[in-house]
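Trainee: Below is the file data_33.txt, which contains compact mmCIF, C-alpha atoms.
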```txt
# COMPACT_ATOMS: atom_id res chain seq x y z
CA MET Q 1 6.12 22.74 10.65
CA LEU Q 2 3.03 22.30 8.58
CA LYS Q 3 3.64 20.70 5.23
CA GLU Q 4 1.77 22.13 2.30
CA LYS Q 5 0.07 19.38 0.32
CA THR Q 6 -0.85 20.39 -3.17
CA MET Q 7 -1.18 17.03 -4.96
CA LEU Q 8 -2.16 13.49 -4.13
CA SER Q 9 0.41 12.51 -1.53
CA GLU Q 10 2.68 9.56 -2.14
CA SER Q 11 1.69 7.96 1.16
CA VAL Q 12 -2.02 8.05 0.34
CA LYS Q 13 -1.30 6.73 -3.15
CA GLU Q 14 0.68 3.87 -1.62
CA ALA Q 15 -2.10 3.18 0.90
CA TRP Q 16 -4.66 3.06 -1.92
CA GLN Q 17 -2.54 0.52 -3.79
CA ILE Q 18 -2.31 -1.60 -0.64
CA ASN Q 19 -6.06 -1.32 -0.09
CA THR Q 20 -6.63 -2.40 -3.68
CA ARG Q 21 -4.41 -5.46 -3.22
CA ILE Q 22 -6.27 -6.40 -0.04
CA ASN Q 23 -9.61 -6.16 -1.82
CA LYS Q 24 -8.21 -8.22 -4.71
CA SER Q 25 -7.03 -10.95 -2.31
CA LEU Q 26 -10.43 -10.98 -0.68
CA LEU Q 27 -12.27 -11.25 -4.00
CA GLU Q 28 -9.96 -14.05 -5.17
CA HIS Q 29 -10.79 -15.96 -2.00
CA LEU Q 30 -14.53 -15.89 -2.65
CA THR Q 31 -16.49 -18.74 -4.19
CA PRO Q 32 -19.94 -18.45 -5.81
CA GLU Q 33 -21.49 -19.95 -2.65
CA MET Q 34 -20.00 -17.22 -0.50
CA VAL Q 35 -21.42 -14.31 -2.49
CA ALA Q 36 -24.95 -14.78 -1.16
CA ALA Q 37 -23.90 -15.02 2.51
CA LYS Q 38 -25.67 -12.59 4.79
CA THR Q 39 -25.75 -12.12 8.54
CA PRO Q 40 -29.21 -12.95 9.95
CA GLY Q 41 -31.09 -10.00 11.37
CA GLY Q 42 -30.58 -7.68 8.43
CA GLY Q 43 -27.70 -6.15 6.60
CA PHE Q 44 -26.06 -6.64 3.25
CA SER Q 45 -25.09 -9.81 1.46
CA VAL Q 46 -21.44 -10.30 0.52
CA ALA Q 47 -22.32 -9.22 -3.03
CA GLU Q 48 -23.93 -6.05 -1.69
CA HIS Q 49 -20.89 -5.24 0.45
CA ILE Q 50 -18.72 -5.62 -2.65
CA LEU Q 51 -21.05 -3.35 -4.57
CA GLU Q 52 -20.52 -0.72 -1.85
CA ILE Q 53 -16.74 -1.16 -1.93
CA VAL Q 54 -16.53 -0.84 -5.71
CA GLY Q 55 -19.37 1.57 -6.37
CA THR Q 56 -18.77 4.27 -3.76
CA PRO Q 57 -15.36 5.42 -5.08
CA LYS Q 58 -16.93 5.76 -8.51
CA TYR Q 59 -19.92 7.66 -7.10
CA PHE Q 60 -17.66 10.29 -5.56
CA GLY Q 61 -14.98 10.08 -8.25
CA ILE Q 62 -17.37 11.24 -10.93
CA LYS Q 63 -17.57 14.53 -9.07
CA PHE Q 64 -13.98 15.35 -10.01
CA ASP Q 65 -13.43 13.37 -13.21
CA GLU Q 66 -16.63 12.44 -14.97
CA ALA Q 67 -14.80 11.73 -18.22
CA LYS Q 68 -12.54 9.04 -16.78
CA LEU Q 69 -14.80 7.50 -14.18
CA GLY Q 70 -18.30 7.98 -15.58
CA PRO Q 71 -17.94 5.24 -18.23
CA LEU Q 72 -16.77 2.61 -15.71
CA PRO Q 73 -19.14 -0.37 -15.58
CA ASP Q 74 -21.42 -0.82 -12.58
CA LEU Q 75 -21.84 -3.93 -10.45
CA TYR Q 76 -25.60 -3.71 -10.25
CA GLU Q 77 -28.74 -3.67 -12.30
CA VAL Q 78 -32.06 -2.14 -11.39
CA LYS Q 79 -35.08 -4.44 -11.31
CA ASP Q 80 -38.47 -3.25 -10.06
CA GLU Q 81 -36.78 -0.14 -8.64
CA LYS Q 82 -34.40 -2.29 -6.60
CA TYR Q 83 -30.63 -2.44 -6.95
CA ILE Q 84 -29.52 -6.00 -7.62
CA ALA Q 85 -25.83 -6.60 -6.93
CA GLU Q 86 -23.67 -8.51 -9.41
CA THR Q 87 -22.85 -12.03 -8.28
CA ASP Q 88 -20.58 -13.19 -11.10
CA LEU Q 89 -17.16 -13.31 -9.47
CA GLY Q 90 -15.24 -13.01 -12.70
CA ARG Q 91 -16.97 -9.79 -13.57
CA ILE Q 92 -16.76 -8.52 -9.98
CA CYS Q 93 -12.97 -9.00 -9.93
CA GLU Q 94 -12.57 -7.35 -13.32
CA VAL Q 95 -14.70 -4.30 -12.51
CA ALA Q 96 -13.22 -3.91 -9.03
CA GLN Q 97 -9.67 -3.77 -10.35
CA GLN Q 98 -10.63 -1.53 -13.26
CA THR Q 99 -12.39 0.89 -10.92
CA ALA Q 100 -9.60 1.00 -8.33
CA ASP Q 101 -6.98 1.64 -11.01
CA ALA Q 102 -9.06 4.27 -12.77
CA VAL Q 103 -9.81 6.09 -9.52
CA LEU Q 104 -6.11 6.28 -8.69
CA GLU Q 105 -5.15 7.42 -12.16
CA ALA Q 106 -7.85 10.10 -12.11
CA ALA Q 107 -6.77 11.28 -8.65
CA GLU Q 108 -3.13 11.42 -9.70
CA THR Q 109 -3.80 13.49 -12.79
CA ALA Q 110 -6.54 15.76 -11.44
CA GLU Q 111 -5.73 19.44 -11.38
CA THR Q 112 -8.62 20.31 -9.09
CA LYS Q 113 -10.92 18.41 -6.76
CA GLY Q 114 -13.87 19.50 -8.83
CA ASP Q 115 -17.18 19.05 -7.04
CA LEU Q 116 -15.87 16.60 -4.47
CA PRO Q 117 -17.23 17.40 -1.01
CA HIS Q 118 -13.91 16.32 0.50
CA ALA Q 119 -11.18 18.77 1.48
CA SER Q 120 -8.76 17.16 -0.97
CA LEU Q 121 -8.14 14.12 -3.12
CA ASP Q 122 -6.11 12.67 -0.23
CA VAL Q 123 -9.14 12.96 2.01
CA TYR Q 124 -11.38 11.42 -0.67
CA LEU Q 125 -9.20 8.32 -0.94
CA ILE Q 126 -8.78 8.04 2.84
CA HIS Q 127 -12.57 8.22 3.16
CA MET Q 128 -12.93 5.38 0.66
CA MET Q 129 -10.38 3.23 2.52
CA VAL Q 130 -12.16 3.66 5.87
CA HIS Q 131 -15.45 2.91 4.12
CA ASP Q 132 -13.94 -0.23 2.54
CA ALA Q 133 -12.59 -1.45 5.86
CA HIS Q 134 -15.98 -1.08 7.51
CA HIS Q 135 -17.59 -3.17 4.77
CA ARG Q 136 -14.81 -5.78 4.88
CA GLY Q 137 -15.44 -6.20 8.60
CA GLN Q 138 -19.14 -6.80 7.97
CA LEU Q 139 -18.46 -9.04 4.99
CA PHE Q 140 -16.07 -11.25 6.97
CA LEU Q 141 -18.60 -11.67 9.73
CA ALA Q 142 -21.27 -12.66 7.18
CA LEU Q 143 -18.89 -15.25 5.72
CA LYS Q 144 -17.93 -16.59 9.10
CA ASN Q 145 -21.51 -16.82 10.26
CA ALA Q 146 -22.40 -18.81 7.15
CA GLY Q 147 -19.63 -21.28 7.96
CA HIS Q 148 -17.31 -20.21 5.17
CA GLU Q 149 -13.57 -20.14 5.49
CA LEU Q 150 -12.06 -16.68 5.83
CA PRO Q 151 -9.00 -15.45 4.01
CA ASP Q 152 -5.85 -15.62 6.10
CA ASP Q 153 -5.48 -12.64 8.43
CA ASP Q 154 -2.13 -11.88 6.84
CA LEU Q 155 -3.83 -11.17 3.54
CA VAL Q 156 -5.92 -8.48 5.18
CA TRP Q 157 -3.51 -6.84 7.60
CA LEU Q 158 0.07 -7.70 6.63
CA PRO Q 159 0.06 -5.48 3.51
CA TRP Q 160 -0.55 -2.45 5.74
CA LYS Q 161 2.59 -3.28 7.72
CA GLU Q 162 4.85 -4.38 4.91
CA GLY Q 163 3.60 -2.29 2.01
CA MET A 1 -5.77 23.12 -5.22
CA SER A 2 -3.91 23.66 -1.99
CA VAL A 3 -4.43 21.44 1.02
CA ASN A 4 -2.30 21.39 4.12
CA VAL A 5 -1.90 19.28 7.20
CA VAL A 6 -4.51 21.33 9.05
CA ASP A 7 -7.15 20.02 6.63
CA ILE A 8 -5.86 16.48 7.04
CA ARG A 9 -5.91 16.81 10.82
CA GLU A 10 -9.47 18.11 10.78
CA THR A 11 -10.49 15.27 8.50
CA LEU A 12 -8.86 12.77 10.83
CA SER A 13 -10.79 14.25 13.71
CA THR A 14 -14.03 13.86 11.74
CA PHE A 15 -13.30 10.20 10.98
CA LEU A 16 -12.26 9.33 14.51
CA THR A 17 -15.22 11.16 16.04
CA GLU A 18 -17.65 9.37 13.75
CA THR A 19 -16.01 5.97 14.28
CA PHE A 20 -15.85 6.15 18.06
CA GLU A 21 -18.39 8.76 19.16
CA SER A 22 -20.99 8.35 16.36
CA GLY A 23 -21.63 10.74 13.52
CA ASN A 24 -24.16 13.29 14.60
CA ASN A 25 -23.20 16.10 12.25
CA PRO A 26 -26.46 17.57 10.87
CA GLU A 27 -24.75 18.00 7.49
CA GLY A 28 -24.32 14.24 7.20
CA THR A 29 -21.95 11.43 8.08
CA MET A 30 -18.92 10.05 6.26
CA TYR A 31 -19.61 6.33 6.30
CA LEU A 32 -21.75 5.34 9.28
CA ASP A 33 -25.43 5.73 9.96
CA ARG A 34 -26.13 8.09 12.84
CA GLY A 35 -25.69 6.75 16.34
CA VAL A 36 -23.75 3.61 15.52
CA GLY A 37 -20.21 4.59 16.49
CA LEU A 38 -18.24 2.18 18.63
CA PHE A 39 -19.12 3.66 22.03
CA ASP A 40 -22.84 3.84 21.29
CA SER A 41 -22.83 0.36 19.74
CA VAL A 42 -21.61 -1.31 22.91
CA ALA A 43 -22.95 1.10 25.55
CA ASN A 44 -26.10 -0.83 26.43
CA LEU A 45 -24.81 -4.32 25.84
CA SER A 46 -24.76 -6.43 29.00
CA ALA A 47 -21.68 -8.36 30.05
CA GLU A 48 -23.50 -11.57 29.21
CA GLN A 49 -24.30 -10.34 25.69
CA ALA A 50 -20.74 -9.06 25.23
CA SER A 51 -19.45 -12.51 26.26
CA ARG A 52 -21.55 -14.54 23.81
CA LYS A 53 -19.80 -16.41 21.05
CA VAL A 54 -22.44 -15.77 18.44
CA ILE A 55 -20.54 -17.81 15.86
CA PRO A 56 -18.92 -21.14 16.78
CA GLY A 57 -15.19 -20.65 16.83
CA GLY A 58 -15.59 -16.90 16.64
CA THR A 59 -14.86 -14.09 19.04
CA THR A 60 -17.07 -12.09 21.37
CA VAL A 61 -17.89 -8.39 21.39
CA ALA A 62 -15.85 -8.06 24.60
CA ALA A 63 -12.82 -9.48 22.81
CA GLN A 64 -13.39 -7.19 19.83
CA VAL A 65 -13.50 -4.20 22.16
CA ASN A 66 -10.33 -5.22 23.99
CA HIS A 67 -8.51 -5.83 20.70
CA SER A 68 -9.59 -2.41 19.38
CA SER A 69 -8.45 -0.78 22.60
CA TYR A 70 -5.11 -2.58 22.47
CA TYR A 71 -4.55 -1.39 18.91
CA LEU A 72 -5.00 2.20 20.10
CA GLU A 73 -2.37 1.66 22.79
CA VAL A 74 0.10 0.20 20.29
CA LEU A 75 -0.37 3.07 17.85
CA GLU A 76 -0.13 5.56 20.70
CA SER A 77 3.28 4.10 21.55
CA TYR A 78 4.44 4.46 17.95
CA ILE A 79 3.24 8.06 17.82
CA GLN A 80 5.30 8.73 20.95
CA GLY A 81 8.35 7.29 19.22
CA GLU A 82 8.40 4.03 21.13
CA THR A 83 8.59 0.49 19.75
CA PRO A 84 6.31 -1.51 22.01
CA GLU A 85 6.39 -5.23 22.68
CA LYS A 86 3.21 -6.52 21.11
CA ASP A 87 0.95 -9.39 22.08
CA TRP A 88 -1.72 -9.58 19.38
CA PRO A 89 -3.07 -13.01 20.44
CA GLY A 90 -3.36 -11.68 24.00
CA SER A 91 -5.32 -8.69 22.74
CA TRP A 92 -8.22 -11.05 22.00
CA GLN A 93 -8.59 -11.87 25.69
CA PRO A 94 -10.72 -11.86 27.71
CA GLN A 95 -13.53 -13.40 25.68
CA ARG A 96 -15.88 -13.54 28.66
CA VAL A 97 -16.43 -10.73 31.15
CA ASP A 98 -18.57 -10.00 34.16
CA GLU A 99 -20.27 -6.61 34.50
CA ALA A 100 -17.32 -5.00 36.28
CA ALA A 101 -14.79 -6.26 33.78
CA TRP A 102 -17.03 -5.25 30.86
CA GLN A 103 -17.38 -1.72 32.23
CA ALA A 104 -13.61 -1.58 32.76
CA LEU A 105 -13.01 -2.60 29.13
CA LYS A 106 -15.36 0.09 27.86
CA ASP A 107 -13.81 2.71 30.15
CA LYS A 108 -10.31 1.80 29.04
CA LEU A 109 -11.30 2.07 25.39
CA LYS A 110 -12.78 5.50 25.99
CA THR A 111 -9.90 6.94 28.02
CA THR A 112 -7.32 5.61 25.57
CA TYR A 113 -9.26 7.06 22.66
CA GLU A 114 -9.62 10.45 24.35
CA ARG A 115 -5.91 10.60 25.18
CA LEU A 116 -4.88 9.55 21.69
CA SER A 117 -7.36 11.88 20.02
CA ALA A 118 -5.93 14.83 21.96
CA THR A 119 -2.40 13.79 21.01
CA LEU A 120 -3.29 13.62 17.34
CA GLN A 121 -4.93 17.02 17.44
CA SER A 122 -1.60 18.56 18.42
CA GLN A 123 0.37 16.81 15.65
CA ASP A 124 1.79 18.60 12.64
CA ASP A 125 3.73 15.56 11.52
CA TRP A 126 2.11 13.91 8.52
CA ASP A 127 3.59 10.49 9.40
CA LYS A 128 1.98 10.57 12.83
CA LEU A 129 -1.33 11.68 11.37
CA GLU A 130 -1.08 8.66 9.09
CA ASP A 131 -1.12 6.52 12.23
CA GLY A 132 -4.40 8.22 13.08
CA PHE A 133 -5.90 7.10 9.80
CA ALA A 134 -4.63 3.58 10.44
CA ILE A 135 -6.64 3.69 13.67
CA ALA A 136 -9.73 4.83 11.77
CA ILE A 137 -9.33 2.03 9.19
CA HIS A 138 -8.66 -0.65 11.80
CA THR A 139 -11.52 0.41 14.05
CA ALA A 140 -13.92 0.78 11.11
CA TYR A 141 -13.19 -2.85 10.21
CA HIS A 142 -13.85 -4.16 13.73
CA LEU A 143 -16.86 -1.91 14.17
CA GLY A 144 -18.25 -3.52 11.02
CA ALA A 145 -17.79 -6.93 12.59
CA ILE A 146 -19.29 -5.77 15.91
CA ARG A 147 -22.34 -4.29 14.17
CA GLN A 148 -22.97 -7.68 12.53
CA MET A 149 -22.40 -9.51 15.82
CA LEU A 150 -24.99 -7.26 17.46
CA LYS A 151 -27.55 -8.41 14.90
CA LEU A 152 -26.87 -11.98 16.00
CA VAL A 153 -27.01 -11.10 19.70
CA GLU A 154 -30.29 -9.28 19.17
CA GLY A 155 -31.57 -12.14 17.00
CA GLU A 156 -30.87 -14.58 19.81
CA ASN A 157 -32.79 -12.33 22.19
CA HIS A 158 -35.80 -12.51 19.91
CA ALA A 159 -35.59 -16.24 19.43
```
Kindly present the structure from the file in structure tokens form.
Mentor:
Amino acid sequence: MLKEKTMLSESVKEAWQINTRINKSLLEHLTPEMVAAKTPGGGFSVAEHILEIVGTPKYFGIKFDEAKLGPLPDLYEVKDEKYIAETDLGRICEVAQQTADAVLEAAETAETKGDLPHASLDVYLIHMMVHDAHHRGQLFLALKNAGHELPDDDLVWLPWKEG
Amino acid sequence: MSVNVVDIRETLSTFLTETFESGNNPEGTMYLDRGVGLFDSVANLSAEQASRKVIPGGTTVAAQVNHSSYYLEVLESYIQGETPEKDWPGSWQPQRVDEAAWQALKDKLKTTYERLSATLQSQDDWDKLEDGFAIAIHTAYHLGAIRQMLKLVEGENHA
């Protein structure tokens, strides 16, 4: 039987909370030296990957709740028409948590999906989690290539198994 | 707002197609640039390139591909209601492959994906579709690593 899904599903909400904890563990692992790491041959720095992870949910979230998500701080500034990613880890951690919490709260209380291009709020959050994972994979490789220690694998994968 | 499992299933299909087969939808992609899905990313890599440890102490692209393929098999077992014995350390072997073994790894990844994708497309069970999203998240992570490893492999070629 097909199940009708009218609101943000509990399982997606739970997955988002797990994803947020994984990102938090990753950010807490970082040191100022790690933030500039970048894989040779092109690609983003660690700071730029974090900017993607934090900024993209806000970018889409504004399309269904501008009032709640629009005022969230950004992790970049524009200099000479270029986006410069925030490198201060304290601020990164603070804004990342604030954004993840606000996105979830907005998704939980939304009555419509507004102008989101996604089929539903579930799909929006799933999209953001796949997007995050792709950037985490790149970020880890950049760290490893620069000779930095990686967070324990359990921090990244165990929460998905154990909740 | 009314969304049902059909929408979720279609979304899952979009994510898996983009992750494995590359996003070539003219209306845009979800999270990857065009043409950089897993199959396309490794298609033209030689066995020697796939066997290179581009970072000391790290893995190889061949190992990443085998691990990704193994994850599909494990999730396929769960979707079928089984509880498989798992060997995650073993999923990172082989690190080095010859051309025949490399082709076999790529073929296995593709056939497992195609079988699993077809299975998921016939699912109405939300819990099993969730396993499909776990596959998308897991593969997206390793594809991210592989894309970075390819930069190093290509960089070595240019050195």
Trainee: Quick one: which residues from chain A are at most 10 Å off chain Q, using all atoms listed in the file, as a PyMOL selection string?
Mentor: chain A and resi 1-8+10-12+15+19+30-32+54-58+123-127+130+133-156
Trainee: Just to be explicit: take each residue in the selection above, keep C-alpha atoms, and write the result as a PDB file, in the coordinates of the input.
Mentor:
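Saved result, again_35.pdb, follows:
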```pdb
ATOM      1  CA  MET A   1      -5.770  23.120  -5.220  1.00  0.00           C
ATOM      2  CA  SER A   2      -3.910  23.660  -1.990  1.00  0.00           C
ATOM      3  CA  VAL A   3      -4.430  21.440   1.020  1.00  0.00           C
ATOM      4  CA  ASN A   4      -2.300  21.390   4.120  1.00  0.00           C
ATOM      5  CA  VAL A   5      -1.900  19.280   7.200  1.00  0.00           C
ATOM      6  CA  VAL A   6      -4.510  21.330   9.050  1.00  0.00           C
ATOM      7  CA  ASP A   7      -7.150  20.020   6.630  1.00  0.00           C
ATOM      8  CA  ILE A   8      -5.860  16.480   7.040  1.00  0.00           C
ATOM      9  CA  GLU A  10      -9.470  18.110  10.780  1.00  0.00           C
ATOM     10  CA  THR A  11     -10.490  15.270   8.500  1.00  0.00           C
ATOM     11  CA  LEU A  12      -8.860  12.770  10.830  1.00  0.00           C
ATOM     12  CA  PHE A  15     -13.300  10.200  10.980  1.00  0.00           C
ATOM     13  CA  THR A  19     -16.010   5.970  14.280  1.00  0.00           C
ATOM     14  CA  MET A  30     -18.920  10.050   6.260  1.00  0.00           C
ATOM     15  CA  TYR A  31     -19.610   6.330   6.300  1.00  0.00           C
ATOM     16  CA  LEU A  32     -21.750   5.340   9.280  1.00  0.00           C
ATOM     17  CA  VAL A  54     -22.440 -15.770  18.440  1.00  0.00           C
ATOM     18  CA  ILE A  55     -20.540 -17.810  15.860  1.00  0.00           C
ATOM     19  CA  PRO A  56     -18.920 -21.140  16.780  1.00  0.00           C
ATOM     20  CA  GLY A  57     -15.190 -20.650  16.830  1.00  0.00           C
ATOM     21  CA  GLY A  58     -15.590 -16.900  16.640  1.00  0.00           C
ATOM     22  CA  GLN A 123       0.370  16.810  15.650  1.00  0.00           C
ATOM     23  CA  ASP A 124       1.790  18.600  12.640  1.00  0.00           C
ATOM     24  CA  ASP A 125       3.730  15.560  11.520  1.00  0.00           C
ATOM     25  CA  TRP A 126       2.110  13.910   8.520  1.00  0.00           C
ATOM     26  CA  ASP A 127       3.590  10.490   9.400  1.00  0.00           C
ATOM     27  CA  GLU A 130      -1.080   8.660   9.090  1.00  0.00           C
ATOM     28  CA  PHE A 133      -5.900   7.100   9.800  1.00  0.00           C
ATOM     29  CA  ALA A 134      -4.630   3.580  10.440  1.00  0.00           C
ATOM     30  CA  ILE A 135      -6.640   3.690  13.670  1.00  0.00           C
ATOM     31  CA  ALA A 136      -9.730   4.830  11.770  1.00  0.00           C
ATOM     32  CA  ILE A 137      -9.330   2.030   9.190  1.00  0.00           C
ATOM     33  CA  HIS A 138      -8.660  -0.650  11.800  1.00  0.00           C
ATOM     34  CA  THR A 139     -11.520   0.410  14.050  1.00  0.00           C
ATOM     35  CA  ALA A 140     -13.920   0.780  11.110  1.00  0.00           C
ATOM     36  CA  TYR A 141     -13.190  -2.850  10.210  1.00  0.00           C
ATOM     37  CA  HIS A 142     -13.850  -4.160  13.730  1.00  0.00           C
ATOM     38  CA  LEU A 143     -16.860  -1.910  14.170  1.00  0.00           C
ATOM     39  CA  GLY A 144     -18.250  -3.520  11.020  1.00  0.00           C
ATOM     40  CA  ALA A 145     -17.790  -6.930  12.590  1.00  0.00           C
ATOM     41  CA  ILE A 146     -19.290  -5.770  15.910  1.00  0.00           C
ATOM     42  CA  ARG A 147     -22.340  -4.290  14.170  1.00  0.00           C
ATOM     43  CA  GLN A 148     -22.970  -7.680  12.530  1.00  0.00           C
ATOM     44  CA  MET A 149     -22.400  -9.510  15.820  1.00  0.00           C
ATOM     45  CA  LEU A 150     -24.990  -7.260  17.460  1.00  0.00           C
ATOM     46  CA  LYS A 151     -27.550  -8.410  14.900  1.00  0.00           C
ATOM     47  CA  LEU A 152     -26.870 -11.980  16.000  1.00  0.00           C
ATOM     48  CA  VAL A 153     -27.010 -11.100  19.700  1.00  0.00           C
ATOM     49  CA  GLU A 154     -30.290  -9.280  19.170  1.00  0.00           C
ATOM     50  CA  GLY A 155     -31.570 -12.140  17.000  1.00  0.00           C
ATOM     51  CA  GLU A 156     -30.870 -14.580  19.810  1.00  0.00           C
TER      52      GLU A 156
END
```
Trainee: I'd like to know which of A:Tyr113, A:Val42, A:Tyr70, A:Val36 is closest to Gln93 of chain A, using all atoms listed in the file.
Mentor: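 Once distances to Gln93 of chain A are computed over all atoms listed in the file, the minimum belongs to A:Tyr70.
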Trainee: So how far away is atom CA of Asp115 of chain Q from atom CA of Lys63 of chain Q, in Å?
Mentor: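 Atom CA of Asp115 of chain Q lies at a distance of 5.0 Å from atom CA of Lys63 of chain Q.
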Trainee: For a test of reading the model, state the distance in Å between atom CA of Glu114 of chain A and atom CA of Ser91 of chain A, rounded to one decimal.
Mentor: 19.7 Å
Trainee: Could you work out how far atom CA of Arg96 of chain A lies from atom CA of Glu73 of chain A, giving the answer in Å with one decimal?
Mentor: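 Here the two named atoms are 21.2 Å from each other.
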Trainee: With all atoms listed in the file as the basis for distance, which of A:Arg34, A:Lys108, A:Lys53, A:Lys128 is at the shortest distance from Leu75 of chain A?
Mentor: A:Lys128
Trainee: Of the candidates Q:Gly55, Q:Ala102, Q:Ile62, Q:Met34, which shows the shortest atom-to-atom distance to Gln17 of chain Q, using only C-alpha atoms?
Mentor: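 Counting only C-alpha atoms, the residue closest to Gln17 of chain Q is Q:Ala102.
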Trainee: Between Q:Leu27, Q:Glu108, Q:Glu10, Q:Ile22, which is the closest to Asp153 of chain Q once you count all atoms listed in the file?
Mentor: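 Residue with the minimum atom-to-atom distance to Asp153 of chain Q: Q:Ile22.
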Trainee: Counting all atoms listed in the file, figure out which residue out of A:Thr29, A:Ser122, A:Gln64, A:Gln49 gets nearest to Pro89 of chain A.
Mentor: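 Going through A:Thr29, A:Ser122, A:Gln64, A:Gln49 one by one, the smallest distance to Pro89 of chain A is for A:Gln64.
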Trainee: Could you name the residues that touch Asp33 of chain A at 10 Å or less, counting all atoms listed in the file, but leaving out those on the same chain fewer than 5 positions away, as number ranges by chain?
Mentor: A: 18, 22-24, 28
Trainee: Could you name the residues that touch Leu155 of chain Q at 10 Å or less, counting only C-alpha atoms, but leaving out those on the same chain fewer than 4 positions away, as a VMD selection string?
Mentor: chain Q and resid 21 to 26 151 159 to 160
Trainee: Give me the segment 93-150 of chain Q side of the contact with segment 75-85 of chain Q, cut-off 12 Å, one line per residue showing its nearest atom pair and distance in Å at one decimal, counting all atoms listed in the file, sorted by chain and residue number, as a tab-separated table.
Mentor:
```
residue	atom	partner	partner_atom	distance
Q:Cys93	CA	Q:Leu75	CA	10.2
Q:Glu94	CA	Q:Leu75	CA	10.3
Q:Val95	CA	Q:Leu75	CA	7.4
Q:Ala96	CA	Q:Leu75	CA	8.7
Q:Gln98	CA	Q:Leu75	CA	11.8
Q:Thr99	CA	Q:Leu75	CA	10.6
```
